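S.K.: Input coords-v8.cif, format and content: mmCIF, C-alpha atoms.
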data_model
loop_
_atom_site.group_PDB
_atom_site.id
_atom_site.type_symbol
_atom_site.label_atom_id
_atom_site.label_comp_id
_atom_site.auth_asym_id
_atom_site.auth_seq_id
_atom_site.Cartn_x
_atom_site.Cartn_y
_atom_site.Cartn_z
ATOM 1 C CA MET A 1357 0.522 -40.559 -3.304
ATOM 2 C CA PRO A 1358 2.059 -37.362 -1.896
ATOM 3 C CA ALA A 1359 0.092 -35.414 0.706
ATOM 4 C CA ARG A 1360 -0.198 -32.298 -1.448
ATOM 5 C CA TYR A 1361 -2.253 -32.889 -4.564
ATOM 6 C CA GLN A 1362 -0.442 -30.081 -6.419
ATOM 7 C CA THR A 1363 2.729 -32.227 -6.522
ATOM 8 C CA HIS A 1364 1.174 -35.106 -8.471
ATOM 9 C CA GLN A 1365 2.389 -35.749 -11.998
ATOM 10 C CA PRO A 1366 -0.393 -35.957 -14.623
ATOM 11 C CA ASP A 1367 0.382 -39.577 -15.494
ATOM 12 C CA ARG A 1368 0.192 -40.623 -11.843
ATOM 13 C CA ALA A 1369 -3.037 -38.718 -11.322
ATOM 14 C CA ASN A 1370 -4.575 -40.303 -14.422
ATOM 15 C CA GLU A 1371 -3.547 -43.767 -13.274
ATOM 16 C CA ALA A 1372 -4.948 -43.145 -9.792
ATOM 17 C CA TYR A 1373 -8.257 -42.000 -11.270
ATOM 18 C CA ARG A 1374 -8.398 -45.073 -13.506
ATOM 19 C CA LEU A 1375 -8.014 -47.300 -10.467
ATOM 20 C CA VAL A 1376 -10.603 -45.619 -8.239
ATOM 21 C CA SER A 1377 -13.161 -45.281 -11.034
ATOM 22 C CA ASP A 1378 -12.928 -48.941 -12.119
ATOM 23 C CA LYS A 1379 -16.490 -50.136 -12.748
ATOM 24 C CA ASN A 1380 -15.538 -53.639 -11.663
ATOM 25 C CA LEU A 1381 -14.896 -52.646 -8.076
ATOM 26 C CA PRO A 1382 -17.407 -54.341 -5.761
ATOM 27 C CA PRO A 1383 -20.022 -52.260 -3.855
ATOM 28 C CA PHE A 1384 -18.520 -53.082 -0.462
ATOM 29 C CA VAL A 1385 -15.463 -51.128 -1.645
ATOM 30 C CA THR A 1386 -17.071 -48.269 -3.568
ATOM 31 C CA GLU A 1387 -19.683 -47.608 -0.876
ATOM 32 C CA ASP A 1388 -17.148 -47.412 1.920
ATOM 33 C CA PRO A 1389 -16.744 -43.791 3.153
ATOM 34 C CA PHE A 1390 -12.962 -44.169 3.289
ATOM 35 C CA PHE A 1391 -12.931 -45.198 -0.363
ATOM 36 C CA LYS A 1392 -15.142 -42.216 -1.192
ATOM 37 C CA THR A 1393 -12.620 -39.997 0.545
ATOM 38 C CA ILE A 1394 -9.782 -41.420 -1.548
ATOM 39 C CA PHE A 1395 -11.890 -41.041 -4.688
ATOM 40 C CA GLY A 1396 -12.611 -37.408 -3.862
ATOM 41 C CA TYR A 1397 -8.965 -36.766 -3.088
ATOM 42 C CA VAL A 1398 -7.858 -38.224 -6.417
ATOM 43 C CA CYS A 1399 -10.370 -36.019 -8.214
ATOM 44 C CA THR A 1400 -8.847 -32.911 -6.628
ATOM 45 C CA CYS A 1401 -5.768 -33.586 -8.751
ATOM 46 C CA PHE A 1402 -7.717 -32.458 -11.800
ATOM 47 C CA GLY A 1403 -8.818 -29.117 -10.394
ATOM 48 C CA GLN A 1404 -12.077 -27.518 -11.368
ATOM 49 C CA SER A 1405 -13.023 -30.052 -14.037
ATOM 50 C CA ARG A 1406 -13.857 -32.741 -11.488
ATOM 51 C CA LEU A 1407 -15.109 -30.618 -8.601
ATOM 52 C CA PRO A 1408 -18.677 -32.025 -8.836
ATOM 53 C CA GLU A 1409 -17.229 -35.515 -8.286
ATOM 54 C CA VAL A 1410 -15.068 -34.253 -5.427
ATOM 55 C CA ARG A 1411 -18.043 -32.703 -3.670
ATOM 56 C CA ALA A 1412 -20.267 -35.726 -4.122
ATOM 57 C CA ALA A 1413 -17.599 -38.063 -2.784
ATOM 58 C CA PHE A 1414 -16.813 -36.053 0.340
ATOM 59 C CA GLU A 1415 -20.460 -35.309 1.044
ATOM 60 C CA TYR A 1416 -21.150 -39.037 0.928
ATOM 61 C CA ALA A 1417 -18.424 -39.569 3.540
ATOM 62 C CA PHE A 1418 -19.830 -36.756 5.678
ATOM 63 C CA ASN A 1419 -23.331 -38.194 5.509
ATOM 64 C CA MET A 1420 -21.933 -41.516 6.711
ATOM 65 C CA LYS A 1421 -20.554 -39.678 9.782
ATOM 66 C CA PHE A 1422 -17.026 -40.328 8.570
ATOM 67 C CA GLU A 1423 -14.312 -37.763 9.298
ATOM 68 C CA PRO A 1424 -11.608 -37.880 6.594
ATOM 69 C CA GLU A 1425 -7.971 -37.212 7.394
ATOM 70 C CA TYR A 1426 -7.179 -33.525 7.450
ATOM 71 C CA ARG A 1427 -4.792 -33.710 4.472
ATOM 72 C CA TYR A 1428 -7.625 -34.850 2.229
ATOM 73 C CA LEU A 1429 -9.857 -31.983 3.303
ATOM 74 C CA ARG A 1430 -7.006 -29.540 2.832
ATOM 75 C CA ALA A 1431 -6.571 -30.795 -0.730
ATOM 76 C CA TRP A 1432 -10.286 -30.312 -1.363
ATOM 77 C CA PHE A 1433 -10.114 -26.825 0.133
ATOM 78 C CA HIS A 1434 -7.243 -25.893 -2.197
ATOM 79 C CA ALA A 1435 -9.154 -27.235 -5.189
ATOM 80 C CA GLU A 1436 -12.221 -25.161 -4.314
ATOM 81 C CA ARG A 1437 -10.201 -22.030 -3.677
ATOM 82 C CA GLY A 1438 -8.273 -22.552 -6.887
ATOM 83 C CA SER A 1439 -11.510 -22.622 -8.873
ATOM 84 C CA GLY A 1440 -11.818 -18.861 -8.485
ATOM 85 C CA VAL A 1441 -15.468 -19.140 -7.428
ATOM 86 C CA ASN A 1442 -16.120 -17.791 -3.937
ATOM 87 C CA ASP A 1443 -19.189 -19.824 -3.082
ATOM 88 C CA ASP A 1444 -19.845 -21.616 0.218
ATOM 89 C CA TRP A 1445 -17.783 -24.752 -0.329
ATOM 90 C CA CYS A 1446 -14.599 -23.469 1.317
ATOM 91 C CA LEU A 1447 -16.660 -22.333 4.293
ATOM 92 C CA ARG A 1448 -18.359 -25.722 4.569
ATOM 93 C CA ILE A 1449 -15.009 -27.510 4.567
ATOM 94 C CA SER A 1450 -13.707 -25.143 7.236
ATOM 95 C CA ASP A 1451 -16.748 -25.663 9.444
ATOM 96 C CA PHE A 1452 -16.515 -29.444 9.094
ATOM 97 C CA VAL A 1453 -12.943 -29.382 10.409
ATOM 98 C CA LEU A 1454 -13.729 -26.900 13.179
ATOM 99 C CA GLN A 1455 -16.688 -28.975 14.353
ATOM 100 C CA GLY A 1456 -14.960 -32.337 13.901
ATOM 101 C CA LYS A 1457 -13.732 -34.544 16.712
ATOM 102 C CA ARG A 1458 -10.669 -36.156 15.137
ATOM 103 C CA TYR A 1459 -8.817 -33.029 14.065
ATOM 104 C CA GLU A 1460 -5.882 -31.685 16.047
ATOM 105 C CA GLU A 1461 -5.715 -28.194 17.492
ATOM 106 C CA ARG A 1462 -3.054 -27.068 15.003
ATOM 107 C CA GLU A 1463 -5.268 -28.231 12.143
ATOM 108 C CA LYS A 1464 -8.237 -26.324 13.505
ATOM 109 C CA MET A 1465 -6.095 -23.226 13.992
ATOM 110 C CA GLU A 1466 -5.058 -23.402 10.354
ATOM 111 C CA MET A 1467 -8.651 -23.817 9.206
ATOM 112 C CA ILE A 1468 -9.796 -20.813 11.250
ATOM 113 C CA GLY A 1469 -7.465 -18.688 9.154
ATOM 114 C CA ARG A 1470 -8.564 -20.379 5.917
ATOM 115 C CA LYS A 1471 -12.200 -19.705 6.736
ATOM 116 C CA ALA A 1472 -11.356 -16.062 7.423
ATOM 117 C CA THR A 1473 -9.609 -15.644 4.059
ATOM 118 C CA SER A 1474 -12.575 -17.288 2.319
ATOM 119 C CA LEU A 1475 -14.980 -14.844 3.947
ATOM 120 C CA TYR A 1476 -12.728 -11.960 2.963
ATOM 121 C CA ALA A 1477 -12.660 -13.118 -0.663
ATOM 122 C CA ARG A 1478 -16.432 -13.462 -0.742
ATOM 123 C CA ALA A 1479 -16.797 -9.993 0.750
ATOM 124 C CA GLN A 1480 -14.763 -8.457 -2.070
ATOM 125 C CA GLU A 1481 -17.277 -9.769 -4.582
ATOM 126 C CA ARG A 1482 -20.241 -8.546 -2.536
ATOM 127 C CA LEU A 1483 -19.091 -5.006 -1.756
ATOM 128 C CA ILE A 1484 -20.717 -3.594 -4.880
ATOM 129 C CA THR A 1485 -23.780 -5.802 -5.228
ATOM 130 C CA ASP A 1486 -24.608 -6.475 -1.571
ATOM 131 C CA SER A 1487 -22.603 -4.215 0.709
ATOM 132 C CA SER A 1488 -24.523 -5.173 3.855
ATOM 133 C CA ASP A 1489 -23.632 -8.872 3.575
ATOM 134 C CA ALA A 1490 -20.104 -7.957 2.488
ATOM 135 C CA LEU A 1491 -19.549 -5.978 5.686
ATOM 136 C CA LYS A 1492 -20.872 -8.909 7.723
ATOM 137 C CA ASP A 1493 -18.382 -11.190 5.981
ATOM 138 C CA LEU A 1494 -15.549 -8.753 6.672
ATOM 139 C CA ALA A 1495 -16.521 -8.480 10.337
ATOM 140 C CA GLU A 1496 -16.564 -12.258 10.742
ATOM 141 C CA ALA A 1497 -13.308 -12.618 8.821
ATOM 142 C CA LEU A 1498 -11.716 -10.058 11.140
ATOM 143 C CA ARG A 1499 -12.950 -11.885 14.232
ATOM 144 C CA LEU A 1500 -11.520 -15.178 12.974
ATOM 145 C CA HIS A 1501 -8.152 -13.670 12.033
ATOM 146 C CA LEU A 1502 -7.818 -12.165 15.509
ATOM 147 C CA ARG A 1503 -8.804 -15.476 17.062
ATOM 148 C CA ALA A 1504 -6.202 -17.327 14.987
ATOM 149 C CA TYR A 1505 -3.638 -14.689 15.917
ATOM 150 C CA ARG A 1506 -4.217 -15.282 19.608
ATOM 151 C CA LEU A 1507 -4.067 -19.069 19.258
ATOM 152 C CA TYR A 1508 -0.826 -18.893 17.275
ATOM 153 C CA CYS A 1509 0.700 -16.490 19.806
ATOM 154 C CA VAL A 1510 -0.208 -18.744 22.730
ATOM 155 C CA ALA A 1511 1.238 -21.726 20.870
ATOM 156 C CA ALA A 1512 4.384 -19.757 19.919
ATOM 157 C CA ASP A 1513 3.635 -20.650 16.300
ATOM 158 C CA ILE A 1514 5.434 -18.725 13.548
ATOM 159 C CA ARG A 1515 2.141 -18.389 11.665
ATOM 160 C CA ALA A 1516 1.124 -15.678 14.158
ATOM 161 C CA GLU A 1517 2.890 -13.126 11.954
ATOM 162 C CA ASN A 1518 0.669 -13.945 8.974
ATOM 163 C CA SER A 1519 -2.471 -13.851 11.106
ATOM 164 C CA GLU A 1520 -1.458 -10.459 12.463
ATOM 165 C CA ARG A 1521 -1.019 -9.127 8.925
ATOM 166 C CA TYR A 1522 -4.320 -10.597 7.719
ATOM 167 C CA GLY A 1523 -6.131 -9.156 10.724
ATOM 168 C CA ARG A 1524 -4.617 -5.723 10.225
ATOM 169 C CA ASN A 1525 -5.439 -5.625 6.496
ATOM 170 C CA THR A 1526 -9.005 -6.816 7.064
ATOM 171 C CA GLY A 1527 -9.375 -4.214 9.811
ATOM 172 C CA PHE A 1528 -8.216 -1.472 7.444
ATOM 173 C CA GLN A 1529 -10.827 -2.325 4.840
ATOM 174 C CA LEU A 1530 -13.709 -2.798 7.264
ATOM 175 C CA PHE A 1531 -13.002 0.191 9.517
ATOM 176 C CA ASN A 1532 -12.238 2.575 6.659
ATOM 177 C CA THR A 1533 -15.411 1.590 4.823
ATOM 178 C CA LEU A 1534 -17.496 2.284 7.903
ATOM 179 C CA ALA A 1535 -15.622 5.419 8.975
ATOM 180 C CA ARG A 1536 -16.165 7.069 5.582
ATOM 181 C CA SER A 1537 -19.898 6.348 5.635
ATOM 182 C CA THR A 1538 -22.786 8.375 7.040
ATOM 183 C CA VAL A 1539 -22.719 6.188 10.156
ATOM 184 C CA PRO A 1540 -19.041 6.443 11.191
ATOM 185 C CA TRP A 1541 -19.701 5.230 14.724
ATOM 186 C CA GLU A 1542 -20.284 1.729 13.360
ATOM 187 C CA PHE A 1543 -16.542 1.027 13.194
ATOM 188 C CA LEU A 1544 -16.484 1.661 16.938
ATOM 189 C CA GLU A 1545 -19.380 -0.745 17.413
ATOM 190 C CA VAL A 1546 -17.394 -3.431 15.588
ATOM 191 C CA LEU A 1547 -14.343 -2.680 17.741
ATOM 192 C CA GLU A 1548 -16.434 -2.883 20.894
ATOM 193 C CA GLY A 1549 -17.904 -6.216 19.827
ATOM 194 C CA LEU A 1550 -14.445 -7.650 19.192
ATOM 195 C CA ALA A 1551 -13.269 -6.392 22.584
ATOM 196 C CA ARG A 1552 -16.183 -8.076 24.334
ATOM 197 C CA ILE A 1553 -15.379 -11.404 22.644
ATOM 198 C CA THR A 1554 -12.345 -12.629 24.522
ATOM 199 C CA ASP A 1555 -11.165 -15.286 22.053
ATOM 200 C CA GLY A 1556 -8.817 -13.033 20.061
ATOM 201 C CA TYR A 1557 -6.032 -10.482 20.493
ATOM 202 C CA ILE A 1558 -7.022 -7.078 19.089
ATOM 203 C CA ASP A 1559 -3.503 -5.612 18.937
ATOM 204 C CA PRO A 1560 -3.378 -5.794 15.093
ATOM 205 C CA LEU A 1561 -6.145 -3.175 14.977
ATOM 206 C CA GLU A 1562 -4.018 -0.293 16.276
ATOM 207 C CA ASP A 1563 -3.237 1.156 12.832
ATOM 208 C CA PRO A 1564 -6.731 0.518 11.409
ATOM 209 C CA VAL A 1565 -8.255 2.349 14.401
ATOM 210 C CA ASN A 1566 -5.932 5.329 13.923
ATOM 211 C CA GLU A 1567 -6.677 5.557 10.211
ATOM 212 C CA ALA A 1568 -10.436 5.218 10.725
ATOM 213 C CA ILE A 1569 -10.344 8.056 13.243
ATOM 214 C CA GLU A 1570 -8.649 10.285 10.680
ATOM 215 C CA HIS A 1571 -11.337 9.470 8.123
ATOM 216 C CA VAL A 1572 -14.066 10.408 10.609
ATOM 217 C CA LEU A 1573 -12.365 13.684 11.464
ATOM 218 C CA ARG A 1574 -12.224 14.595 7.780
ATOM 219 C CA ASN A 1575 -15.996 14.102 7.471
ATOM 220 C CA SER A 1576 -18.433 16.990 7.868
ATOM 221 C CA LEU A 1577 -20.598 15.509 10.588
ATOM 222 C CA LYS A 1578 -23.774 16.991 11.981
ATOM 223 C CA LEU A 1579 -24.360 17.385 15.700
ATOM 224 C CA GLU A 1580 -26.394 14.210 15.987
ATOM 225 C CA ALA A 1581 -23.688 12.146 14.292
ATOM 226 C CA LEU A 1582 -21.023 13.735 16.474
ATOM 227 C CA SER A 1583 -23.031 12.939 19.592
ATOM 228 C CA ARG A 1584 -23.556 9.290 18.636
ATOM 229 C CA THR A 1585 -19.903 8.865 17.714
ATOM 230 C CA ARG A 1586 -18.771 10.392 21.003
ATOM 231 C CA GLN A 1587 -21.107 8.174 22.981
ATOM 232 C CA ARG A 1588 -19.810 5.067 21.235
ATOM 233 C CA THR A 1589 -16.211 6.215 21.682
ATOM 234 C CA ARG A 1590 -16.575 6.548 25.445
ATOM 235 C CA THR A 1591 -18.208 3.130 25.655
ATOM 236 C CA VAL A 1592 -15.509 1.393 23.643
ATOM 237 C CA VAL A 1593 -12.754 3.041 25.717
ATOM 238 C CA ASP A 1594 -14.266 1.546 28.881
ATOM 239 C CA VAL A 1595 -14.493 -1.894 27.281
ATOM 240 C CA LEU A 1596 -10.951 -1.766 25.883
ATOM 241 C CA THR A 1597 -9.496 -0.533 29.167
ATOM 242 C CA ASN A 1598 -11.032 -3.343 31.169
ATOM 243 C CA GLY A 1599 -10.576 -6.029 28.520
ATOM 244 C CA SER A 1600 -8.100 -8.888 28.716
ATOM 245 C CA ASN A 1601 -7.712 -9.536 24.995
ATOM 246 C CA TRP A 1602 -4.473 -7.632 24.484
ATOM 247 C CA LEU A 1603 -1.076 -9.135 23.832
ATOM 248 C CA SER A 1604 0.789 -5.889 24.555
ATOM 249 C CA SER A 1605 -0.097 -3.467 27.320
ATOM 250 C CA SER A 1606 1.741 -0.736 25.392
ATOM 251 C CA VAL A 1607 -0.530 -1.193 22.369
ATOM 252 C CA LYS A 1608 -3.532 -1.152 24.668
ATOM 253 C CA GLU A 1609 -2.424 2.158 26.171
ATOM 254 C CA ARG A 1610 -1.759 3.752 22.791
ATOM 255 C CA VAL A 1611 -5.142 2.731 21.358
ATOM 256 C CA THR A 1612 -7.158 3.851 24.375
ATOM 257 C CA SER A 1613 -5.245 7.137 24.562
ATOM 258 C CA ARG A 1614 -5.931 7.836 20.894
ATOM 259 C CA LEU A 1615 -9.632 7.143 21.383
ATOM 260 C CA LYS A 1616 -9.757 9.505 24.347
ATOM 261 C CA ARG A 1617 -8.169 12.249 22.231
ATOM 262 C CA PHE A 1618 -10.655 11.444 19.507
ATOM 263 C CA ASP A 1619 -13.488 12.073 21.965
ATOM 264 C CA LYS A 1620 -11.991 15.472 22.837
ATOM 265 C CA GLU A 1621 -11.614 16.357 19.155
ATOM 266 C CA LEU A 1622 -15.243 15.504 18.515
ATOM 267 C CA GLU A 1623 -16.252 17.566 21.539
ATOM 268 C CA GLU A 1624 -14.439 20.622 20.177
ATOM 269 C CA ARG A 1625 -16.091 20.194 16.815
ATOM 270 C CA ALA A 1626 -19.512 19.933 18.448
ATOM 271 C CA LYS A 1627 -18.882 23.164 20.387
ATOM 272 C CA THR A 1628 -18.048 24.927 17.147
ATOM 273 C CA LEU A 1629 -21.269 23.751 15.544
ATOM 274 C CA ARG A 1630 -23.318 24.939 18.524
ATOM 275 C CA GLN A 1631 -21.971 28.474 18.336
ATOM 276 C CA PRO A 1632 -24.494 30.857 16.784
ATOM 277 C CA ALA A 1633 -23.630 32.309 13.425
ATOM 278 C CA VAL A 1634 -22.274 35.858 13.582
ATOM 279 C CA VAL A 1635 -24.286 38.305 11.501
ATOM 280 C CA VAL A 1636 -22.135 40.987 9.956
ATOM 281 C CA SER A 1637 -24.075 44.258 9.464
ATOM 282 C CA ARG A 1638 -23.348 46.471 6.505
#
Would you mind writing the file's structure down as structure tokens?
M.R.:
Amino acid sequence: MPARYQTHQPDRANEAYRLVSDKNLPPFVTEDPFFKTIFGYVCTCFGQSRLPEVRAAFEYAFNMKFEPEYRYLRAWFHAERGSGVNDDWCLRISDFVLQGKRYEEREKMEMIGRKATSLYARAQERLITDSSDALKDLAEALRLHLRAYRLYCVAADIRAENSERYGRNTGFQLFNTLARSTVPWEFLEVLEGLARITDGYIDPLEDPVNEAIEHVLRNSLKLEALSRTRQRTRTVVDVLTNGSNWLSSSVKERVTSRLKRFDKELEERAKTLRQPAVVVSR
């Protein structure tokens, strides 16, 4: 059967399912984890209708400490993602590959990105009902996209361009959401955390940082908020300046320079707020 389950013709998929679901197969065949893997893979050909069988088959293999070939797990991942339900199954598949021993580095790199997109999709559904968990999902998705971006760059892999775009878009949503809130300094805390974790390139965040700064400057912040934002800005500049997780030194210079100007802009605004009101006598 072809490696990609989407290419199977219905008649071939039906015949494959008839063979693997034959009740006359002996237990030493049906209880083998490799057979369970094949059974689960065949069931992915039918999409959402057979997902319970897919999950049961692969979980059996996992419980037997069997690591299926990556192509079978990729097929399962596509079936779960295609169901339109952003539950934890895609994340579980991703983690199994990332923690597995038999999977190649390029396969793990791919699954890092797939896990990030799964977290992003789940975050979109949670933004209204559970914004706190949604922001956590976005932050983790951003970290993973930046990690994948660095790995692809080091490997000179053409998929680096997609990872850069995913990282930038995720950064826009996360940073803008935080910058427009009553705690705008939190986008700087996220940036600082990413800078301290040296497993990803943070270059894709240049535009998201610039846009978040503009959102903060449009807010009417009180002195306390201005003070906290300035304090976090100075801290993140130090971390970014001394950090090694940049692909381009030019991008690094532009981002740190913009943050330094941001600090000055906040300082000027704070001075204005401290000035006593002028009473005009009549």
S.K.: For Asp1559 in chain A, which of A:Ser1450, A:Ser1405, A:Thr1473, A:Thr1612 is the closest residue, counting all atoms listed in the file?
M.R.: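 Of the candidates, the smallest distance to Asp1559 in chain A is held by A:Thr1612.
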S.K.: Enter the distance from CA of Ser1519 in chain A to CA of Asp1444 in chain A, in Å, rounded to one decimal.
M.R.: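 So the two atoms, CA of Ser1519 in chain A and CA of Asp1444 in chain A, lie 21.9 Å apart.
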S.K.: Selection in question (the file shown): the PyMOL selection byres ((chain A and resi 1468) around 9). Which residues does it include, as a ChimeraX atom specification?
M.R.: /A:1450-1451,1454,1463-1467,1469-1473,1500-1501,1503-1504
S.K.: Could you write out as a VMD selection string the residues that the PyMOL selection byres ((chain A and resi 1620) around 12) matches in the shown file?
M.R.: chain A and resid 1573 1582 to 1583 1585 to 1587 1589 to 1590 1613 to 1619 1621 to 1627
S.K.: Residues as selected, C-alpha atoms, written as a CSV table (one decimal), in the frame of the given file, can you do that?
M.R.:
chain,number,residue,atom,x,y,z
A,1573,LEU,CA,-12.4,13.7,11.5
A,1582,LEU,CA,-21.0,13.7,16.5
A,1583,SER,CA,-23.0,12.9,19.6
A,1585,THR,CA,-19.9,8.9,17.7
A,1586,ARG,CA,-18.8,10.4,21.0
A,1587,GLN,CA,-21.1,8.2,23.0
A,1589,THR,CA,-16.2,6.2,21.7
A,1590,ARG,CA,-16.6,6.5,25.4
A,1613,SER,CA,-5.2,7.1,24.6
A,1614,ARG,CA,-5.9,7.8,20.9
A,1615,LEU,CA,-9.6,7.1,21.4
A,1616,LYS,CA,-9.8,9.5,24.3
A,1617,ARG,CA,-8.2,12.2,22.2
A,1618,PHE,CA,-10.7,11.4,19.5
A,1619,ASP,CA,-13.5,12.1,22.0
A,1621,GLU,CA,-11.6,16.4,19.2
A,1622,LEU,CA,-15.2,15.5,18.5
A,1623,GLU,CA,-16.3,17.6,21.5
A,1624,GLU,CA,-14.4,20.6,20.2
A,1625,ARG,CA,-16.1,20.2,16.8
A,1626,ALA,CA,-19.5,19.9,18.4
A,1627,LYS,CA,-18.9,23.2,20.4
S.K.: Report as a PDB file with C-alpha atoms, in the coordinates of the input the residues that result from applying the PyMOL selection byres ((chain A and resi 1434) around 12) to the structure here.
M.R.:
ATOM      1  CA  ARG A1360      -0.198 -32.298  -1.448  1.00  0.00           C
ATOM      2  CA  TYR A1361      -2.253 -32.889  -4.564  1.00  0.00           C
ATOM      3  CA  GLN A1362      -0.442 -30.081  -6.419  1.00  0.00           C
ATOM      4  CA  TYR A1397      -8.965 -36.766  -3.088  1.00  0.00           C
ATOM      5  CA  THR A1400      -8.847 -32.911  -6.628  1.00  0.00           C
ATOM      6  CA  CYS A1401      -5.768 -33.586  -8.751  1.00  0.00           C
ATOM      7  CA  PHE A1402      -7.717 -32.458 -11.800  1.00  0.00           C
ATOM      8  CA  GLY A1403      -8.818 -29.117 -10.394  1.00  0.00           C
ATOM      9  CA  GLN A1404     -12.077 -27.518 -11.368  1.00  0.00           C
ATOM     10  CA  LEU A1407     -15.109 -30.618  -8.601  1.00  0.00           C
ATOM     11  CA  VAL A1410     -15.068 -34.253  -5.427  1.00  0.00           C
ATOM     12  CA  ARG A1427      -4.792 -33.710   4.472  1.00  0.00           C
ATOM     13  CA  TYR A1428      -7.625 -34.850   2.229  1.00  0.00           C
ATOM     14  CA  LEU A1429      -9.857 -31.983   3.303  1.00  0.00           C
ATOM     15  CA  ARG A1430      -7.006 -29.540   2.832  1.00  0.00           C
ATOM     16  CA  ALA A1431      -6.571 -30.795  -0.730  1.00  0.00           C
ATOM     17  CA  TRP A1432     -10.286 -30.312  -1.363  1.00  0.00           C
ATOM     18  CA  PHE A1433     -10.114 -26.825   0.133  1.00  0.00           C
ATOM     19  CA  ALA A1435      -9.154 -27.235  -5.189  1.00  0.00           C
ATOM     20  CA  GLU A1436     -12.221 -25.161  -4.314  1.00  0.00           C
ATOM     21  CA  ARG A1437     -10.201 -22.030  -3.677  1.00  0.00           C
ATOM     22  CA  GLY A1438      -8.273 -22.552  -6.887  1.00  0.00           C
ATOM     23  CA  SER A1439     -11.510 -22.622  -8.873  1.00  0.00           C
ATOM     24  CA  GLY A1440     -11.818 -18.861  -8.485  1.00  0.00           C
ATOM     25  CA  VAL A1441     -15.468 -19.140  -7.428  1.00  0.00           C
ATOM     26  CA  TRP A1445     -17.783 -24.752  -0.329  1.00  0.00           C
ATOM     27  CA  CYS A1446     -14.599 -23.469   1.317  1.00  0.00           C
ATOM     28  CA  LEU A1447     -16.660 -22.333   4.293  1.00  0.00           C
ATOM     29  CA  ILE A1449     -15.009 -27.510   4.567  1.00  0.00           C
ATOM     30  CA  SER A1450     -13.707 -25.143   7.236  1.00  0.00           C
ATOM     31  CA  MET A1467      -8.651 -23.817   9.206  1.00  0.00           C
ATOM     32  CA  ARG A1470      -8.564 -20.379   5.917  1.00  0.00           C
ATOM     33  CA  LYS A1471     -12.200 -19.705   6.736  1.00  0.00           C
ATOM     34  CA  SER A1474     -12.575 -17.288   2.319  1.00  0.00           C
TER      35      SER A1474
END
S.K.: What does the distance from CA of Asp1563 in chain A to CA of Phe1528 in chain A come to in Å, to one decimal?
M.R.: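 For CA of Asp1563 in chain A relative to CA of Phe1528 in chain A, the distance reads 7.8 Å.
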S.K.: Expressed in Å to a single decimal, how great is the separation between CA of Ala1535 in chain A and CA of Arg1588 in chain A?
M.R.: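 CA of Ala1535 in chain A sits 13.0 Å away from CA of Arg1588 in chain A.
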S.K.: List the residues sitting within 12 Å of (-5.5, -2.3, 20.6) in the file's frame, using only C-alpha atoms, as a ChimeraX atom specification.
M.R.: /A:1502,1524,1527,1547-1548,1550-1551,1556-1566,1592-1593,1595-1615
S.K.: Just want the 12 Å neighbourhood of range 1376-1387 of chain A, counted on all atoms listed in the file, with same-chain residues fewer than 6 positions away dropped. Output as a ChimeraX atom specification.
M.R.: /A:1369-1370,1393-1399,1409,1413-1414,1416-1417,1419-1420
S.K.: Box along x, y and z, 3 Å on every side, all listed atoms of range 1473-1492 of chain A inside: centre and edge lengths in Å to one decimal, as lines of an AutoDock Vina configuration file.
M.R.:
center_x = -17.1
center_y = -10.4
center_z = 1.2
size_x = 21.0
size_y = 19.7
size_z = 19.0
S.K.: Here is a test: counting all atoms listed in the file, which residue of A:Phe1452, A:Pro1408, A:Tyr1459, A:Leu1579 is nearest to Glu1425 in chain A?
M.R.: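 Among A:Phe1452, A:Pro1408, A:Tyr1459, A:Leu1579, it is A:Tyr1459 that comes nearest to Glu1425 in chain A.
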S.K.: Counting all atoms listed in the file, which of A:Ala1497, A:Ala1581, A:Cys1509, A:Arg1574 gets nearest to Ala1477 in chain A?
M.R.: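 The shortest atom-to-atom distance to Ala1477 in chain A comes from A:Ala1497.
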S.K.: Which of these, A:Asn1442, A:Val1572, A:Asp1555, A:Glu1415, has the shortest distance to Gln1480 in chain A once you count only C-alpha atoms?
M.R.: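 The shortest atom-to-atom distance to Gln1480 in chain A comes from A:Asn1442.
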S.K.: Between A:Glu1517, A:Leu1507, A:Ala1512, A:Asn1575, which has the minimum distance to Val1539 in chain A (counting all atoms listed in the file)?
M.R.: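 Among A:Glu1517, A:Leu1507, A:Ala1512, A:Asn1575, it is A:Asn1575 that comes nearest to Val1539 in chain A.
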